[in-house]
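Below you'll find the structure, written out as structure tokens, and then a few comments.
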Amino acid sequence: MKKLTVFLTIINSFSMLGQSDWCGANDIENNFYSEVFTKVNQRASKESFTDLEKFVLKVYFYDVNETDGTNNTVLSEIEALDIIAYLNKNFNAFNVFFKYEGISNLNKSEFLIIDEGPDNGSEEAVFVNYLDSTLGTHELGAINIYSVEEINGAAAYFKPQPEGKFGTIVIPHYRIDTHYIMAHEVGHFFSLRHVFFTGLNNSSVENVTRFESSIHFNADTNGDRIVDTNAAPEGMAWWPDDCTYRSYGATDPVGFPYDYQGLEPPVKNFMSYAHGCQQEFTIGQIAVMRGYIEYMKDNPDGLTLIANNPVSILYEPFKGEYYLAGPNVTKPPLFQYGFDYEFVDCSQAEVYNQPSDYSDISFWYGGVLESYDVDYDSPIPHNNHTAIRILQLNNPQPRKCYNNNNLSPNGGKIIHFLDGVLNTNVNIIPKDSDEINSENLIEELNSGLYSIYKNYNDGRVEQKTILKKQ
Ligand SMILES: [Zn+2]
């Protein structure tokens, strides 16, 4: 049985102009990943990814605070939702989706500021070891993002946990809206290396040539092992105004210049270190990320990490409630943004006081009443009498028809006649809207004589008296 072991390796110091060590990702060098790289067809077509199974990953956020719960750098819900939207925009094209699961607090002063170091003794290692061993500080099978005050020595930090049970991303709060960092770290989660990876003691330097017939061709085995990301020197510099490679005449180990026309290093790649320029994954990288997902599914040790979630979770609000007895909605059900949403009319469907089940596609629906495009940037309400379509899921069937006619009682009470006759020796039990609408309302009563009162929004009160026998 294979294990996903993680080697804590020294990230070489990037002292050359234009680049600093801002990621702090531990490299992962073992056969577990090698198999993924050797099996994957890196020359797949872009279209081929849309046929793959949809992979839905949950993302949990943790706001690291002082031990007493105070915090100068509070992580907001909008900041977290912005990250989710950015990830979806950059990963949906190859059928990888992210679901926001909320923000928890992690009150530990010692982890507010993390001094990144080169080995297991560093504070980042102390932090991730603490996360590994402490229940309630992480969610399995998901990406966990920790907002701290500062990481000295890195812009962010990534570590897949032992045996791939969950992914950890640590980022200082002041970089939380630098979204390309997050795409880069999630790229690591799906096994991508830095484009300038050289291996321990330069054991894996990638040559510039892309001619497979060349004796110097090693793009499939060295560096990031991605054939369509050009070779990049360690400490790669770039021109920030147009995001092009800034050459200092460097050559690869066989003397070929990195700035050879058409083979320049991939400054704009998410897995480079070119601050502000990262914006894309290549087909080869996408193929490897998808290959990693497929490989982990087939590997018993990978099952937890790759705990696939049903697409239906994307149709669940991240917060709010569907009221039984509207219309006094103060906490509407809200959806994460970053998809193209259509809300279609389902007012002529049968009554669904709570949204229809995801698998129920029997309801009537009509045209689009509201739509939000992928760049809409506020939480999106699911209004009454509509069903949801998410265009990125490429499924024309709307789901979750919420068609509440506000005819359910909004509360009420049960009067228990303690003597078993209608007199004033009673016990009065108030009921809220959930309780009064419960299917088990009568079933849960003990034997006895009761009056049940149901209050409606239009002022009506329905009363009935029952004799409950066991
Ligand atoms: Zn990195």
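Letters A, B, ... go to the chains of the structure tokens in the order shown; residues in each chain start at 1; ligands are counted from 1 in the same order.
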
Write down as JSON, numbers by chain the residues of segment 256-329 of chain A whose backbone DSSP state falls under strand (DSSP E or B). {"A": [257, 269, 280, 319]}

Who sits within 8 Å of segment 361-364 of chain A, only C-alpha atoms, same chain under 5 positions skipped, as an MDAnalysis selection string: chainID A and resid 346 348:350 397:399 401

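Using only C-alpha atoms and all ligand atoms for every distance, the candidate list A:Gln463, A:Asn72, A:Asn269, A:Asn144 yields A:Asn269 as the residue closest to ligand 1.
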
Ranking A:Val254, A:Leu407, A:Ile415, A:Ala183 by minimum distance to Asn90 of chain A and counting only C-alpha atoms, which one comes first? A:Ala183

Within 12 Å of Leu445 of chain A, counting only C-alpha atoms, which residues show up once you throw out same-chain ones fewer than 5 positions away? Write them as a PyMOL selection string, please. chain A and resi 414-416+429+440+450-452+466-470

Output for the residues just chosen: C-alpha atoms as an mmCIF file, in the first residue's frame:
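Below is the file that was written, selection_7.cif:
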data_model
loop_
_atom_site.group_PDB
_atom_site.id
_atom_site.type_symbol
_atom_site.label_atom_id
_atom_site.label_comp_id
_atom_site.auth_asym_id
_atom_site.auth_seq_id
_atom_site.Cartn_x
_atom_site.Cartn_y
_atom_site.Cartn_z
ATOM 1 C CA ILE A 414 -50.762 23.149 22.230
ATOM 2 C CA ILE A 415 -53.022 23.145 25.296
ATOM 3 C CA HIS A 416 -52.909 19.954 27.335
ATOM 4 C CA ILE A 429 -46.871 24.599 25.188
ATOM 5 C CA ASN A 440 -44.696 14.376 14.056
ATOM 6 C CA TYR A 450 -55.323 18.464 23.696
ATOM 7 C CA SER A 451 -56.305 21.587 21.776
ATOM 8 C CA ILE A 452 -53.966 22.517 18.944
ATOM 9 C CA ILE A 466 -57.989 15.805 19.852
ATOM 10 C CA LEU A 467 -58.018 12.876 22.206
ATOM 11 C CA LYS A 468 -54.683 11.144 21.810
ATOM 12 C CA LYS A 469 -54.616 7.428 22.633
ATOM 13 C CA GLN A 470 -51.470 5.347 22.608
#

For Ile388 of chain A, find every residue with an atom within 10 Å (counting only C-alpha atoms), except residues of its own chain fewer than 5 positions away, and show them as a PyMOL selection string. chain A and resi 315+341-346+368+370-371+382-383+396-402

Output for the residues just chosen: N, CA and C atoms as a CSV table (one decimal), in the first residue's frame:
chain,number,residue,atom,x,y,z
A,315,TYR,N,-25.9,23.4,-4.6
A,315,TYR,CA,-27.3,24.0,-4.6
A,315,TYR,C,-27.7,24.2,-3.2
A,341,TYR,N,-25.6,32.2,-12.4
A,341,TYR,CA,-26.8,31.6,-11.8
A,341,TYR,C,-28.0,32.1,-12.6
A,342,GLU,N,-29.0,31.2,-12.8
A,342,GLU,CA,-30.3,31.6,-13.3
A,342,GLU,C,-31.3,31.1,-12.3
A,343,PHE,N,-32.3,31.9,-12.0
A,343,PHE,CA,-33.4,31.5,-11.1
A,343,PHE,C,-34.6,31.5,-11.9
A,344,VAL,N,-35.2,30.3,-12.1
A,344,VAL,CA,-36.3,30.2,-13.0
A,344,VAL,C,-37.6,30.1,-12.2
A,345,ASP,N,-38.6,30.5,-12.9
A,345,ASP,CA,-40.0,30.5,-12.3
A,345,ASP,C,-40.4,29.1,-12.0
A,346,CYS,N,-40.8,28.8,-10.8
A,346,CYS,CA,-41.5,27.5,-10.5
A,346,CYS,C,-42.8,27.7,-9.7
A,368,VAL,N,-36.7,32.3,-17.1
A,368,VAL,CA,-35.7,32.9,-16.1
A,368,VAL,C,-36.3,34.2,-15.5
A,370,GLU,N,-34.6,35.8,-12.7
A,370,GLU,CA,-33.4,36.6,-12.2
A,370,GLU,C,-32.2,35.8,-12.7
A,371,SER,N,-31.1,36.6,-13.0
A,371,SER,CA,-29.9,36.0,-13.3
A,371,SER,C,-28.7,36.8,-12.7
A,382,HIS,N,-31.8,33.1,-2.7
A,382,HIS,CA,-32.7,32.2,-3.4
A,382,HIS,C,-34.1,32.6,-3.0
A,383,ASN,N,-34.8,33.3,-3.9
A,383,ASN,CA,-36.1,33.8,-3.7
A,383,ASN,C,-37.2,32.8,-3.9
A,396,PRO,N,-28.9,21.8,-17.9
A,396,PRO,CA,-30.1,22.7,-18.1
A,396,PRO,C,-31.2,22.5,-17.1
A,397,GLN,N,-31.2,21.4,-16.4
A,397,GLN,CA,-32.3,21.1,-15.4
A,397,GLN,C,-32.2,22.0,-14.2
A,398,PRO,N,-33.2,22.9,-14.0
A,398,PRO,CA,-33.2,23.6,-12.7
A,398,PRO,C,-33.4,22.7,-11.5
A,399,ARG,N,-32.9,23.1,-10.4
A,399,ARG,CA,-33.1,22.2,-9.2
A,399,ARG,C,-33.6,23.1,-8.0
A,400,LYS,N,-34.1,22.4,-7.0
A,400,LYS,CA,-34.4,23.0,-5.7
A,400,LYS,C,-35.5,24.1,-5.9
A,401,CYS,N,-36.6,23.6,-6.4
A,401,CYS,CA,-37.8,24.6,-6.5
A,401,CYS,C,-38.3,24.9,-5.1
A,402,TYR,N,-38.2,26.2,-4.8
A,402,TYR,CA,-38.7,26.7,-3.5
A,402,TYR,C,-40.0,27.4,-3.9

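For Arg210 of chain A, the set of protein, DNA and RNA residues having any atom at most 9 Å away, when counting only C-alpha atoms and skipping those fewer than 3 positions along the same chain, is A:Asn207, A:Ser213, A:Ser214, A:His216, A:Phe217, A:Asn218, A:Ala219, A:Val227, A:Asp228, A:Asn230, A:Leu263.
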
Put those residues in a file: N, CA and C atoms, as an mmCIF file, in the first residue's frame.
data_model
loop_
_atom_site.group_PDB
_atom_site.id
_atom_site.type_symbol
_atom_site.label_atom_id
_atom_site.label_comp_id
_atom_site.auth_asym_id
_atom_site.auth_seq_id
_atom_site.Cartn_x
_atom_site.Cartn_y
_atom_site.Cartn_z
ATOM 1 N N ASN A 207 15.860 21.274 -18.970
ATOM 2 C CA ASN A 207 16.510 21.960 -20.081
ATOM 3 C C ASN A 207 15.480 22.712 -20.925
ATOM 4 N N SER A 213 13.126 14.718 -29.671
ATOM 5 C CA SER A 213 14.201 13.899 -30.251
ATOM 6 C C SER A 213 15.583 14.339 -29.776
ATOM 7 N N SER A 214 15.638 15.498 -29.123
ATOM 8 C CA SER A 214 16.937 15.993 -28.638
ATOM 9 C C SER A 214 17.423 15.150 -27.469
ATOM 10 N N HIS A 216 18.937 16.309 -25.144
ATOM 11 C CA HIS A 216 18.820 17.164 -23.963
ATOM 12 C C HIS A 216 17.376 17.299 -23.475
ATOM 13 N N PHE A 217 16.437 16.726 -24.216
ATOM 14 C CA PHE A 217 15.027 16.859 -23.808
ATOM 15 C C PHE A 217 14.780 16.111 -22.495
ATOM 16 N N ASN A 218 14.311 16.836 -21.508
ATOM 17 C CA ASN A 218 13.977 16.189 -20.236
ATOM 18 C C ASN A 218 12.754 16.846 -19.581
ATOM 19 N N ALA A 219 11.971 17.560 -20.389
ATOM 20 C CA ALA A 219 10.844 18.323 -19.823
ATOM 21 C C ALA A 219 9.807 17.428 -19.158
ATOM 22 N N VAL A 227 5.317 19.366 -19.773
ATOM 23 C CA VAL A 227 6.001 19.596 -21.043
ATOM 24 C C VAL A 227 5.672 20.970 -21.630
ATOM 25 N N ASP A 228 4.457 21.459 -21.418
ATOM 26 C CA ASP A 228 4.092 22.740 -22.050
ATOM 27 C C ASP A 228 4.306 23.969 -21.159
ATOM 28 N N ASN A 230 7.442 26.101 -20.270
ATOM 29 C CA ASN A 230 8.854 26.183 -20.655
ATOM 30 C C ASN A 230 9.759 26.178 -19.425
ATOM 31 N N LEU A 263 10.597 30.227 -26.467
ATOM 32 C CA LEU A 263 10.779 29.269 -25.363
ATOM 33 C C LEU A 263 11.042 29.990 -24.037
#

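Rounded to one decimal, atom CA of Val170 of chain A and atom CA of Gly136 of chain A lie 16.5 Å from each other.
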
Closest of A:Asn222, A:Val208, A:Val311, A:Asn201 to Phe256 of chain A, counting only C-alpha atoms, is A:Val208

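Atom CA of Asn105 of chain A is found 17.2 Å from atom CA of Phe318 of chain A.
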
Gap from atom CA of Asp241 of chain A to atom CA of Pro266 of chain A - Å, one decimal: 15.1 Å

What parts of segment 220-300 of chain A does DSSP call helix (DSSP H, G or I)? I'd like the answer as an MDAnalysis selection string. chainID A and resid 283:298 300

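With only C-alpha atoms as the atoms that count, the minimum distance from Gln42 of chain A to the choices A:Gln285, A:Thr330, A:Thr229, A:Asn92 is reached by A:Gln285.
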